[in-house]
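Peer 1: This is my_file-v7.txt, which holds compact mmCIF, C-alpha atoms and all ligand atoms:
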# COMPACT_ATOMS: atom_id res chain seq x y z
CA MET A 255 25.98 19.20 9.31
CA GLU A 256 23.70 16.63 10.99
CA THR A 257 25.24 13.15 11.00
CA CYS A 258 23.63 9.71 11.27
CA GLU A 259 24.53 6.15 10.37
CA VAL A 260 21.32 5.51 8.39
CA LEU A 261 19.03 8.07 6.77
CA VAL A 262 15.55 6.76 5.97
CA VAL A 263 13.79 8.89 3.33
CA GLY A 264 10.03 8.51 3.90
CA GLY A 265 7.97 7.84 7.01
CA GLY A 266 5.20 5.59 5.63
CA PRO A 267 4.76 1.99 6.86
CA ALA A 268 7.98 0.86 5.13
CA GLY A 269 10.19 3.68 6.43
CA SER A 270 8.95 3.60 10.01
CA THR A 271 9.14 -0.22 10.20
CA CYS A 272 12.72 -0.34 8.93
CA ALA A 273 13.75 2.60 11.11
CA GLY A 274 12.15 1.01 14.20
CA SER A 275 14.05 -2.27 13.73
CA LEU A 276 17.36 -0.44 13.32
CA VAL A 277 16.76 1.86 16.30
CA ARG A 278 15.91 -1.13 18.51
CA ALA A 279 19.22 -2.71 17.47
CA GLY A 280 21.07 0.44 18.58
CA LEU A 281 21.83 2.14 15.24
CA ASP A 282 21.84 5.90 14.91
CA VAL A 283 18.98 6.52 12.47
CA LEU A 284 17.36 9.70 11.17
CA LEU A 285 14.05 9.64 9.26
CA LEU A 286 13.20 12.43 6.86
CA ASP A 287 9.71 13.04 5.47
CA LYS A 288 8.44 15.89 3.35
CA GLU A 289 5.17 15.93 5.30
CA ARG A 290 4.42 16.71 8.93
CA PHE A 291 2.49 13.92 10.64
CA PRO A 292 -0.32 13.11 10.96
CA ARG A 293 -0.50 13.27 7.17
CA ASP A 294 -2.95 11.67 4.79
CA LYS A 295 -2.06 9.11 2.13
CA THR A 296 -4.29 8.25 -0.81
CA CYS A 297 -5.28 4.70 0.13
CA ALA A 298 -8.34 2.55 0.90
CA GLY A 299 -6.88 1.71 4.31
CA TRP A 300 -7.63 -2.02 4.15
CA ILE A 301 -5.22 -4.36 5.96
CA THR A 302 -5.19 -8.09 6.69
CA PRO A 303 -4.43 -9.62 10.12
CA ALA A 304 -0.99 -10.53 8.69
CA VAL A 305 -0.05 -6.84 9.01
CA PHE A 306 -0.49 -6.92 12.79
CA LYS A 307 1.46 -10.18 12.92
CA ALA A 308 4.37 -8.82 10.86
CA LEU A 309 4.52 -5.72 13.08
CA GLY A 310 4.21 -7.72 16.33
CA LEU A 311 1.29 -5.45 17.13
CA ASP A 312 -1.80 -6.22 19.18
CA ALA A 313 -4.95 -5.22 17.24
CA GLU A 314 -6.80 -4.44 20.48
CA GLU A 315 -4.02 -2.14 21.65
CA TYR A 316 -4.10 -0.34 18.30
CA ARG A 317 -7.88 0.02 18.49
CA THR A 318 -7.70 2.18 21.63
CA GLY A 319 -8.39 5.73 20.49
CA ARG A 320 -8.14 4.89 16.77
CA VAL A 321 -10.42 3.65 14.01
CA LEU A 322 -10.07 -0.10 13.52
CA GLN A 323 -13.00 -1.40 11.54
CA ASP A 324 -13.55 -5.17 11.62
CA ILE A 325 -14.40 -6.67 8.23
CA LYS A 326 -16.54 -9.80 8.28
CA SER A 327 -18.18 -9.81 4.84
CA PHE A 328 -17.68 -8.42 1.33
CA ARG A 329 -20.08 -7.20 -1.31
CA THR A 330 -18.62 -7.96 -4.75
CA GLY A 331 -19.76 -7.70 -8.34
CA LEU A 332 -19.30 -5.91 -11.62
CA ILE A 333 -19.86 -2.17 -11.95
CA ASN A 334 -23.45 -1.62 -13.09
CA SER A 335 -24.51 -5.15 -12.09
CA ALA A 336 -25.97 -6.91 -9.08
CA ALA A 337 -23.61 -7.87 -6.22
CA VAL A 338 -22.99 -11.04 -4.21
CA VAL A 339 -22.50 -10.81 -0.43
CA THR A 340 -19.96 -13.26 1.04
CA THR A 341 -20.08 -13.62 4.82
CA TYR A 342 -17.27 -15.09 6.92
CA GLY A 343 -18.89 -14.70 10.35
CA THR A 344 -15.55 -13.67 11.86
CA THR A 345 -13.06 -10.83 11.38
CA VAL A 346 -10.99 -11.53 8.25
CA SER A 347 -9.56 -8.04 7.69
CA TYR A 348 -9.54 -4.52 9.07
CA GLY A 349 -10.04 -0.95 7.99
CA ILE A 350 -7.66 1.71 9.27
CA ARG A 351 -7.21 5.41 8.55
CA ARG A 352 -3.77 6.05 7.09
CA CYS A 353 -3.37 9.35 8.93
CA GLU A 354 -3.70 7.45 12.25
CA PHE A 355 -1.93 4.23 11.27
CA ASP A 356 1.18 5.88 9.82
CA LEU A 357 1.48 8.27 12.78
CA TYR A 358 1.16 5.36 15.21
CA LEU A 359 3.91 3.36 13.46
CA LEU A 360 6.18 6.39 13.23
CA GLU A 361 5.86 7.21 16.93
CA ARG A 362 6.27 3.55 17.88
CA SER A 363 9.57 3.39 15.96
CA ARG A 364 11.11 5.98 18.33
CA VAL A 365 13.30 7.14 15.47
CA ARG A 366 14.83 10.62 15.45
CA ARG A 367 12.97 12.50 12.76
CA GLN A 368 13.06 15.54 10.57
CA LEU A 369 9.55 16.20 9.24
CA GLY A 370 8.37 18.76 6.71
CA GLU A 371 11.58 18.55 4.66
CA THR A 372 11.77 17.05 1.16
CA ALA A 373 14.91 15.12 0.19
CA ILE A 374 15.91 16.94 -2.98
CA ASN A 375 19.64 17.02 -3.24
CA LEU A 376 21.38 13.63 -2.80
CA GLU A 377 25.15 13.57 -3.25
CA ARG A 378 27.86 10.98 -2.65
CA LYS A 379 31.04 12.39 -1.02
CA ASP A 380 33.93 10.41 0.48
CA GLY A 381 31.82 7.38 1.36
CA TRP A 382 28.99 9.49 2.85
CA TRP A 383 25.62 10.55 1.46
CA VAL A 384 25.00 14.25 1.84
CA VAL A 385 21.32 15.11 1.62
CA ASN A 386 20.03 18.63 1.12
CA ARG A 387 23.57 19.80 1.93
CA HIS A 388 23.07 19.45 5.69
CA ILE A 389 22.45 15.75 6.53
CA ARG A 390 25.26 13.21 6.32
CA ALA A 391 24.65 9.42 6.40
CA ARG A 392 26.57 6.23 5.68
CA LEU A 393 23.48 4.44 4.32
CA LEU A 394 20.45 5.79 2.51
CA VAL A 395 17.18 3.84 2.77
CA GLY A 396 14.70 4.90 0.07
CA ALA A 397 11.19 4.60 1.52
CA GLY A 398 9.66 7.59 -0.25
CA GLY A 399 6.93 5.66 -2.07
CA HIS A 400 6.54 5.29 -5.84
CA PHE A 401 8.28 8.60 -6.69
CA CYS A 402 11.10 8.14 -4.18
CA PRO A 403 14.19 10.19 -5.12
CA VAL A 404 16.46 7.31 -4.01
CA ALA A 405 14.79 5.09 -6.64
CA ARG A 406 15.75 7.62 -9.33
CA LEU A 407 19.27 7.64 -7.93
CA LEU A 408 19.45 3.85 -8.36
CA GLY A 409 18.45 4.16 -12.01
CA THR A 410 14.66 3.83 -12.06
CA ASP A 411 13.02 5.58 -14.98
CA ILE A 412 9.79 6.22 -13.09
CA GLY A 413 7.72 7.54 -16.00
CA ARG A 414 8.30 4.43 -18.14
CA GLU A 415 7.06 1.71 -15.79
CA GLU A 416 3.84 -0.30 -15.83
CA VAL A 417 1.83 0.93 -12.87
CA VAL A 418 -1.52 0.81 -11.15
CA VAL A 419 -3.25 4.15 -11.41
CA ALA A 420 -5.88 4.96 -8.85
CA GLN A 421 -8.09 7.69 -7.49
CA ALA A 422 -9.50 7.71 -3.96
CA ALA A 423 -11.07 9.95 -1.32
CA GLU A 424 -11.98 9.59 2.33
CA CYS A 425 -14.48 11.81 4.15
CA VAL A 426 -16.12 12.03 7.52
CA MET A 427 -19.91 11.73 7.38
CA THR A 428 -22.37 13.82 9.33
CA GLN A 429 -24.96 11.96 11.44
CA ALA A 430 -27.57 12.49 8.75
CA GLU A 431 -25.20 11.18 6.06
CA GLU A 432 -24.39 8.13 8.18
CA GLN A 433 -28.08 7.31 8.43
CA GLN A 434 -28.53 7.69 4.70
CA CYS A 435 -25.41 5.68 3.74
CA ARG A 436 -26.22 2.09 2.77
CA VAL A 437 -22.63 0.76 3.05
CA GLN A 438 -22.37 -1.56 6.06
CA PRO A 439 -19.18 -0.90 8.08
CA ASP A 440 -18.19 -4.57 8.28
CA THR A 441 -18.98 -5.21 4.60
CA PRO A 442 -16.81 -3.26 2.14
CA ALA A 443 -17.94 -3.29 -1.48
CA LEU A 444 -15.63 -4.23 -4.38
CA TYR A 445 -16.96 -3.62 -7.89
CA PHE A 446 -14.85 -4.78 -10.82
CA CYS A 447 -14.49 -3.11 -14.19
CA ARG A 448 -16.01 -5.21 -16.96
CA ASP A 449 -12.55 -5.88 -18.49
CA MET A 450 -11.29 -7.05 -15.06
CA LYS A 451 -8.31 -4.67 -15.24
CA GLY A 452 -9.31 -2.90 -12.08
CA TYR A 453 -11.94 -2.39 -9.43
CA GLY A 454 -13.65 0.26 -7.42
CA TRP A 455 -14.27 0.10 -3.69
CA LEU A 456 -16.52 1.58 -1.07
CA PHE A 457 -15.34 1.20 2.43
CA ARG A 458 -16.97 2.53 5.59
CA LYS A 459 -14.89 2.80 8.76
CA GLY A 460 -17.06 4.09 11.58
CA SER A 461 -18.04 7.58 10.51
CA TYR A 462 -15.53 7.67 7.65
CA LEU A 463 -16.26 6.65 4.10
CA ASN A 464 -13.53 5.76 1.62
CA ILE A 465 -14.20 5.43 -2.08
CA GLY A 466 -11.81 4.79 -4.94
CA LEU A 467 -10.96 2.93 -8.10
CA GLY A 468 -7.64 1.52 -9.32
CA ARG A 469 -6.65 0.03 -12.69
CA ARG A 470 -3.68 -1.70 -14.25
CA ASP A 471 -4.41 0.15 -17.47
CA THR A 472 -3.52 3.84 -17.39
CA ARG A 473 -5.90 4.74 -20.25
CA ASP A 474 -9.36 6.13 -19.53
CA LEU A 475 -9.06 6.04 -15.74
CA THR A 476 -11.29 9.09 -15.42
CA LEU A 477 -14.02 7.47 -17.52
CA HIS A 478 -13.98 4.32 -15.39
CA VAL A 479 -14.05 6.40 -12.20
CA ARG A 480 -17.01 8.42 -13.51
CA ASP A 481 -18.89 5.26 -14.44
CA PHE A 482 -18.26 3.73 -11.01
CA CYS A 483 -19.22 6.90 -9.14
CA ALA A 484 -22.47 7.28 -11.05
CA PHE A 485 -23.32 3.66 -10.25
CA ILE A 486 -22.63 3.79 -6.52
CA GLU A 487 -24.05 7.25 -5.93
CA GLN A 488 -27.34 5.91 -7.14
CA GLN A 489 -27.10 2.59 -5.24
CA MET A 490 -25.55 3.46 -1.91
CA GLY A 491 -26.83 6.82 -0.62
CA LEU A 492 -23.44 8.57 -0.56
CA PRO A 493 -22.75 12.02 0.92
CA ALA A 494 -23.13 14.77 -1.68
CA GLY A 495 -19.91 15.84 -3.37
CA LEU A 496 -17.81 12.90 -2.12
CA THR A 497 -17.03 11.56 -5.56
CA GLY A 498 -15.81 15.00 -6.65
CA ARG A 499 -13.00 14.87 -4.10
CA LEU A 500 -10.97 11.96 -5.46
CA LYS A 501 -7.21 12.32 -5.65
CA GLY A 502 -4.94 10.33 -7.96
CA HIS A 503 -1.84 8.28 -7.28
CA ALA A 504 0.21 5.56 -9.00
CA TYR A 505 2.31 2.64 -7.79
CA ARG A 506 4.13 -0.40 -9.09
CA LEU A 507 3.13 -4.00 -8.59
CA SER A 508 5.55 -6.77 -7.73
CA GLY A 509 6.73 -9.12 -10.49
CA GLY A 510 6.14 -8.40 -14.15
CA GLU A 511 8.55 -6.73 -16.54
CA GLY A 512 11.53 -4.58 -15.57
CA ARG A 513 12.04 -4.74 -11.81
CA ARG A 514 13.44 -1.78 -9.94
CA SER A 515 17.01 -2.31 -8.86
CA CYS A 516 16.62 -2.22 -5.07
CA ILE A 517 20.27 -1.86 -3.97
CA GLY A 518 23.29 0.25 -4.79
CA ASP A 519 26.49 1.23 -3.02
CA GLY A 520 25.32 2.53 0.37
CA ALA A 521 21.66 2.64 -0.68
CA LEU A 522 18.59 0.42 -0.80
CA LEU A 523 14.89 0.72 -1.56
CA ILE A 524 11.93 -0.59 0.44
CA GLY A 525 8.13 -0.51 0.15
CA ASP A 526 6.52 1.20 -2.85
CA ALA A 527 9.92 2.68 -3.73
CA ALA A 528 10.95 -0.90 -4.57
CA GLY A 529 7.60 -1.78 -6.24
CA VAL A 530 6.28 -4.54 -4.01
CA ALA A 531 2.45 -4.44 -4.09
CA ILE A 532 0.53 -7.67 -4.68
CA PRO A 533 -0.71 -7.84 -8.30
CA GLU A 534 -4.04 -9.58 -7.69
CA SER A 535 -5.40 -7.02 -5.20
CA GLY A 536 -3.03 -4.03 -5.19
CA GLU A 537 -2.37 -4.60 -1.47
CA GLY A 538 0.83 -2.72 -0.66
CA ILE A 539 1.00 -2.13 3.08
CA LEU A 540 1.91 -5.70 4.08
CA PRO A 541 4.57 -6.24 1.39
CA SER A 542 6.03 -2.81 2.21
CA ILE A 543 6.37 -3.77 5.87
CA GLU A 544 7.83 -7.16 4.93
CA SER A 545 10.42 -5.58 2.63
CA ALA A 546 11.35 -3.15 5.42
CA LEU A 547 11.95 -6.03 7.84
CA LEU A 548 14.07 -7.90 5.29
CA ALA A 549 16.09 -4.75 4.59
CA ALA A 550 16.69 -4.17 8.31
CA GLU A 551 18.06 -7.73 8.67
CA THR A 552 20.52 -7.16 5.84
CA ILE A 553 21.54 -3.72 7.12
CA LEU A 554 22.30 -5.11 10.57
CA ALA A 555 24.23 -8.06 9.13
CA ALA A 556 26.32 -5.63 7.02
CA ASN A 557 27.73 -4.33 10.29
CA GLY A 558 28.55 -0.82 9.09
CA ASP A 559 30.01 -1.81 5.70
CA TYR A 560 27.25 -0.90 3.25
CA ARG A 561 28.97 -1.67 -0.02
CA CYS A 562 26.69 -3.17 -2.64
CA ASP A 563 27.99 -6.74 -2.06
CA ASN A 564 26.93 -6.63 1.56
CA LEU A 565 23.42 -5.51 0.63
CA GLN A 566 23.09 -8.33 -1.90
CA PRO A 567 21.22 -10.70 0.49
CA TYR A 568 18.34 -8.19 0.52
CA ALA A 569 18.28 -7.98 -3.28
CA ALA A 570 18.31 -11.79 -3.49
CA ARG A 571 15.31 -12.09 -1.14
CA MET A 572 13.42 -9.43 -3.08
CA ASN A 573 14.16 -11.16 -6.38
CA GLN A 574 12.92 -14.47 -4.94
CA ARG A 575 9.68 -12.81 -3.92
CA SER A 576 9.25 -11.25 -7.31
CA ASP A 577 9.95 -14.59 -9.05
CA SER A 578 7.38 -16.34 -6.90
CA VAL A 579 4.80 -13.67 -7.80
CA ASN A 580 5.58 -14.24 -11.48
CA SER A 581 5.19 -18.00 -11.22
CA ARG A 582 1.94 -17.61 -9.25
CA ILE A 583 0.54 -15.24 -11.84
CA SER A 584 1.63 -17.35 -14.81
CA SER A 585 0.27 -20.56 -13.24
CA SER A 586 -3.13 -18.92 -12.76
CA GLN A 587 -3.00 -17.30 -16.21
CA PRO A 588 -5.45 -19.66 -17.91
CA PHE A 589 -7.86 -19.01 -15.11
CA SER A 590 -7.48 -15.26 -15.24
CA GLU A 591 -8.11 -15.30 -18.99
CA ILE A 592 -11.27 -17.26 -18.41
CA SER A 593 -12.25 -14.89 -15.65
CA CYS A 594 -11.77 -11.86 -17.94
CA TYR A 595 -13.83 -13.49 -20.66
CA LEU A 596 -16.61 -14.68 -18.44
CA GLY A 597 -16.21 -11.94 -15.83
CA ALA A 598 -19.85 -11.07 -15.57
CA ARG A 599 -20.97 -14.67 -15.02
CA LEU A 600 -18.15 -15.67 -12.68
CA LEU A 601 -18.57 -12.66 -10.44
CA SER A 602 -22.19 -13.49 -9.86
CA ASN A 603 -21.21 -17.00 -8.78
CA SER A 604 -20.85 -17.21 -5.02
CA TRP A 605 -18.32 -20.10 -5.07
CA PHE A 606 -15.99 -18.18 -7.44
CA THR A 607 -16.39 -15.01 -5.44
CA ARG A 608 -15.59 -16.62 -2.08
CA HIS A 609 -12.82 -19.03 -3.06
CA ILE A 610 -11.04 -17.21 -5.88
CA VAL A 611 -11.75 -13.50 -5.67
CA LEU A 612 -11.78 -13.14 -1.90
CA ASP A 613 -9.85 -16.06 -0.39
CA ARG A 614 -7.18 -16.25 -3.07
CA TRP A 615 -6.79 -12.75 -4.55
CA PHE A 616 -7.68 -10.48 -1.64
CA LEU A 617 -7.28 -12.37 1.63
CA ARG A 618 -4.59 -14.79 0.40
CA ARG A 619 -5.92 -17.42 2.82
C1 LIG B 701 -5.62 4.68 -4.16
C2 LIG B 701 -4.78 3.66 -3.43
C3 LIG B 701 -5.39 2.76 -2.57
C4 LIG B 701 -4.62 1.83 -1.87
N1 LIG B 701 -5.23 1.01 -0.98
C5 LIG B 701 -4.51 0.10 -0.29
C6 LIG B 701 -5.12 -0.70 0.71
O1 LIG B 701 -6.30 -0.57 1.00
N2 LIG B 701 -4.35 -1.60 1.37
C7 LIG B 701 -3.02 -1.76 1.09
O2 LIG B 701 -2.37 -2.64 1.69
N3 LIG B 701 -2.40 -0.98 0.18
C8 LIG B 701 -3.10 -0.04 -0.50
N4 LIG B 701 -2.47 0.79 -1.38
C9 LIG B 701 -1.01 0.72 -1.52
C10 LIG B 701 -0.34 1.39 -0.31
O3 LIG B 701 -0.89 2.67 -0.12
C11 LIG B 701 1.17 1.48 -0.48
O4 LIG B 701 1.67 0.24 -0.96
C12 LIG B 701 1.88 1.85 0.83
O5 LIG B 701 1.46 3.09 1.29
C13 LIG B 701 3.39 1.85 0.64
O6 LIG B 701 4.01 2.27 1.83
P1 LIG B 701 5.44 3.02 1.78
O7 LIG B 701 5.84 3.24 3.18
O8 LIG B 701 6.34 2.29 0.88
O9 LIG B 701 5.15 4.40 1.04
P2 LIG B 701 4.17 5.60 1.42
O10 LIG B 701 3.12 5.14 2.33
O11 LIG B 701 3.79 6.22 0.12
O12 LIG B 701 5.10 6.61 2.23
C14 LIG B 701 6.10 7.34 1.57
C15 LIG B 701 6.49 8.53 2.43
O13 LIG B 701 7.62 9.18 1.83
C16 LIG B 701 7.46 10.57 1.89
N5 LIG B 701 8.24 11.14 0.78
C17 LIG B 701 8.05 10.99 -0.54
N6 LIG B 701 8.99 11.64 -1.25
C18 LIG B 701 9.79 12.22 -0.34
C19 LIG B 701 10.97 13.05 -0.43
N7 LIG B 701 11.50 13.39 -1.61
N8 LIG B 701 11.54 13.49 0.70
C20 LIG B 701 11.02 13.15 1.92
N9 LIG B 701 9.92 12.38 2.06
C21 LIG B 701 9.33 11.92 0.96
C22 LIG B 701 5.95 10.79 1.74
O14 LIG B 701 5.54 12.02 2.31
C23 LIG B 701 5.39 9.57 2.52
O15 LIG B 701 5.14 9.89 3.88
C24 LIG B 701 -3.21 1.75 -2.08
C25 LIG B 701 -2.60 2.66 -2.97
C26 LIG B 701 -3.37 3.59 -3.64
C27 LIG B 701 -2.70 4.56 -4.57
What do you get writing this file as structure tokens?
Ligand SMILES: Cc1cc2nc3c(=O)[nH]c(=O)nc-3n(C[C@H](O)[C@H](O)[C@H](O)COP(=O)(O)OP(=O)(O)OC[C@H]3O[C@@H](n4cnc5c(N)ncnc54)[C@H](O)[C@@H]3O)c2cc1C

Peer 2:
Amino acid sequence: METCEVLVVGGGPAGSTCAGSLVRAGLDVLLLDKERFPRDKTCAGWITPAVFKALGLDAEEYRTGRVLQDIKSFRTGLINSAAVVTTYGTTVSYGIRRCEFDLYLLERSRVRRQLGETAINLERKDGWWVVNRHIRARLLVGAGGHFCPVARLLGTDIGREEVVVAQAAECVMTQAEEQQCRVQPDTPALYFCRDMKGYGWLFRKGSYLNIGLGRRDTRDLTLHVRDFCAFIEQQMGLPAGLTGRLKGHAYRLSGGEGRRSCIGDGALLIGDAAGVAIPESGEGILPSIESALLAAETILAANGDYRCDNLQPYAARMNQRSDSVNSRISSSQPFSEISCYLGARLLSNSWFTRHIVLDRWFLRR
């Protein structure tokens, strides 16, 4: 039997961030992931400078030997309509590749790890968690993303939640494809569905091209994806076959109806497992990292006694965040209704695009 104080299930940005904080404070932590790293994750790979700040990470240090695409402008519009280009003249965001970013964070955490093993069997015995019948831990941190088994353990009925559904693909372009591709590396494209319930993106990071579409409405995703792909294939000179390689995924947004319960006796959830992504944009990496840091604070303050009461400060902070998302969304409700109704007109307006769509929804400046 392998023993540790804290077992973190999942080695994405949430799991590695939480594990790193606990390891630095001297706790005995083991991280389990079903994949071997580097592994891919279905994602656009867009992050704001706030991610580097939250991680205490120097962007220039990260850039050495990895893809870090500066973003200085955005092309936005409706699918099947003309786009507006908004230029900031400085770096306002970055593009990363998840296979590199997640590996970097995992290695930086210096956590002891067990990769290539799925957490399947989770049992509570005499105040310990016993996982897969051979790992024993006092505390279980669920960082396994939307379908995390620890979330099920804490009562989440995963199939019944409101989620974002998305499909995405990332490919490396040949030299000829790069020359043909009309997506500028520092100018990702965001094209909204006409009902404003989702958007598609095209994002070039050096030689890599990422394409995808996500929606808050689970119906007809494939039709919307097909419509978007047909539109951009024609417009942007994409590599042949790229749009046939999209993979699907789902995740929960913060706020809204029916929150996930993020603590239990000797267990807590962080990142997508807790449902933390920002509703306006679907950004999940930053809130996942932030939830991991909050969880680590509470775990350390619990000082080895992980009963539910001692994990309550984390739940209270998460509830506060969720409440503030709800009040932000409801206070902008009249506006979002107008924007749905007049979507086509508003998205061709450069003031609306810069100040509402980009500054407020996506960059949260
Ligand atoms: C199509 C798409 C595009 C997105 N684009 C962006 C974007 O551009 N920017 C952004 O900020 N956010 C984006 N997001 C959201 C973002 O990907 C997530 O919010 C983020 O990855 C959450 O991090 P995490 O560490 O909680 O979970 P994950 O990154 O999902 O990591 C979970 C880990 O747990 C492991 N795991 C799962 N189950 C088990 C198990 N049973 N046993 C062991 N290990 C397990 C997995 O292998 C994985 O490594 C996107 C999401 C989607 C679906």

Peer 1: Using all atoms listed in the file, can you list as a ChimeraX atom specification the residues within 12 Å of (1.2, -3.9, -16.8)?

Peer 2: /A:414-419,451-452,469-473,505-513,533-534

Peer 1: Please, what distance in Å, to one decimal, runs between CA of Tyr568 (chain A) and atom N1 of ligand LIG 701 (chain B)?

Peer 2: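 Distance between the two atoms: 25.3 Å.
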
Peer 1: For ligand LIG 701 (chain B), return the neighbouring residues as a ChimeraX atom specification (distance at most 6 Å; all atoms listed in the file).

Peer 2: /A:263-269,286-289,296-301,372-374,397-399,402-403,420-422,503-504,525-527,531,537-540,542

Peer 1: Sorted by chain and rising residue number, list the residues of region 357-457 of chain A at most 7 Å from region 482-494 of chain A (counting only C-alpha atoms), each with its closest atom pair and distance in Å to one decimal, as a Markdown table.

Peer 2:
| residue | atom | partner | partner_atom | distance |
| --- | --- | --- | --- | --- |
| A:Glu431 | CA | A:Pro493 | CA | 5.8 |
| A:Gln434 | CA | A:Gly491 | CA | 5.7 |
| A:Cys435 | CA | A:Gly491 | CA | 4.7 |
| A:Arg436 | CA | A:Met490 | CA | 4.9 |
| A:Val437 | CA | A:Met490 | CA | 6.4 |
| A:Gly454 | CA | A:Phe482 | CA | 6.8 |

Peer 1: For the atom pair CA of Phe355 (chain A) and CA of Asp294 (chain A), what is the interatomic distance in Å to one decimal place?

Peer 2: 9.9 Å

Peer 1: In terms of the shortest atom-to-atom distance over only C-alpha atoms, which of A:Leu444, A:Ile583, A:Ile524, A:Val426 is closest to Ala569 (chain A)?

Peer 2: A:Ile524

Peer 1: Just the number, please: distance in Å from CA of Thr607 (chain A) to CA of Gly466 (chain A), one decimal.

Peer 2: 20.3 Å

Peer 1: Write out as a list in words which residues come within 12 Å of Thr318 (chain A) when counting only C-alpha atoms, dropping same-chain ones fewer than 5 positions away.

Peer 2: Asp312, Ala313, Gln323, Glu354 and Tyr358 of chain A

Peer 1: Need the shell around Arg362 (chain A): protein/DNA/RNA residues with any atom at most 9 Å away, counting all atoms listed in the file. Skip same-chain ones fewer than 4 positions apart. Format as a list in words?

Peer 2: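 Within the cut-off, the hits are Ser270, Gly274, Leu357 and Tyr358 of chain A.
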
Peer 1: Print the selection's residues with C-alpha atoms to a file, as a PDB file, in the frame of the given file.

Peer 2:
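Okay, this is what ended up in part32.pdb:
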ATOM      1  CA  SER A 270       8.950   3.600  10.010  1.00  0.00           C
ATOM      2  CA  GLY A 274      12.150   1.010  14.200  1.00  0.00           C
ATOM      3  CA  LEU A 357       1.480   8.270  12.780  1.00  0.00           C
ATOM      4  CA  TYR A 358       1.160   5.360  15.210  1.00  0.00           C
TER       5      TYR A 358
END

Peer 1: Compare A:Arg599, A:Arg514, A:Arg614, A:Arg448 by their minimum atom-to-atom distance to Ile333 (chain A), counting only C-alpha atoms, and give me the closest one.

Peer 2: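 Residue with the minimum atom-to-atom distance to Ile333 (chain A): A:Arg448.
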
Peer 1: Report as a short mmCIF file (atom, residue, chain, number, x, y, z; two decimals) with C-alpha atoms, in the coordinates of the input all protein, DNA and RNA residues lying within 9 Å of Gln438 (chain A), evaluated on only C-alpha atoms, omitting residues in the same chain fewer than 3 positions from it.

Peer 2:
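Output below, filename part.cif:
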data_model
loop_
_atom_site.label_atom_id
_atom_site.label_comp_id
_atom_site.auth_asym_id
_atom_site.auth_seq_id
_atom_site.Cartn_x
_atom_site.Cartn_y
_atom_site.Cartn_z
CA CYS A 435 -25.41 5.68 3.74
CA THR A 441 -18.98 -5.21 4.60
CA PRO A 442 -16.81 -3.26 2.14
CA ALA A 443 -17.94 -3.29 -1.48
CA PHE A 457 -15.34 1.20 2.43
CA ARG A 458 -16.97 2.53 5.59
#
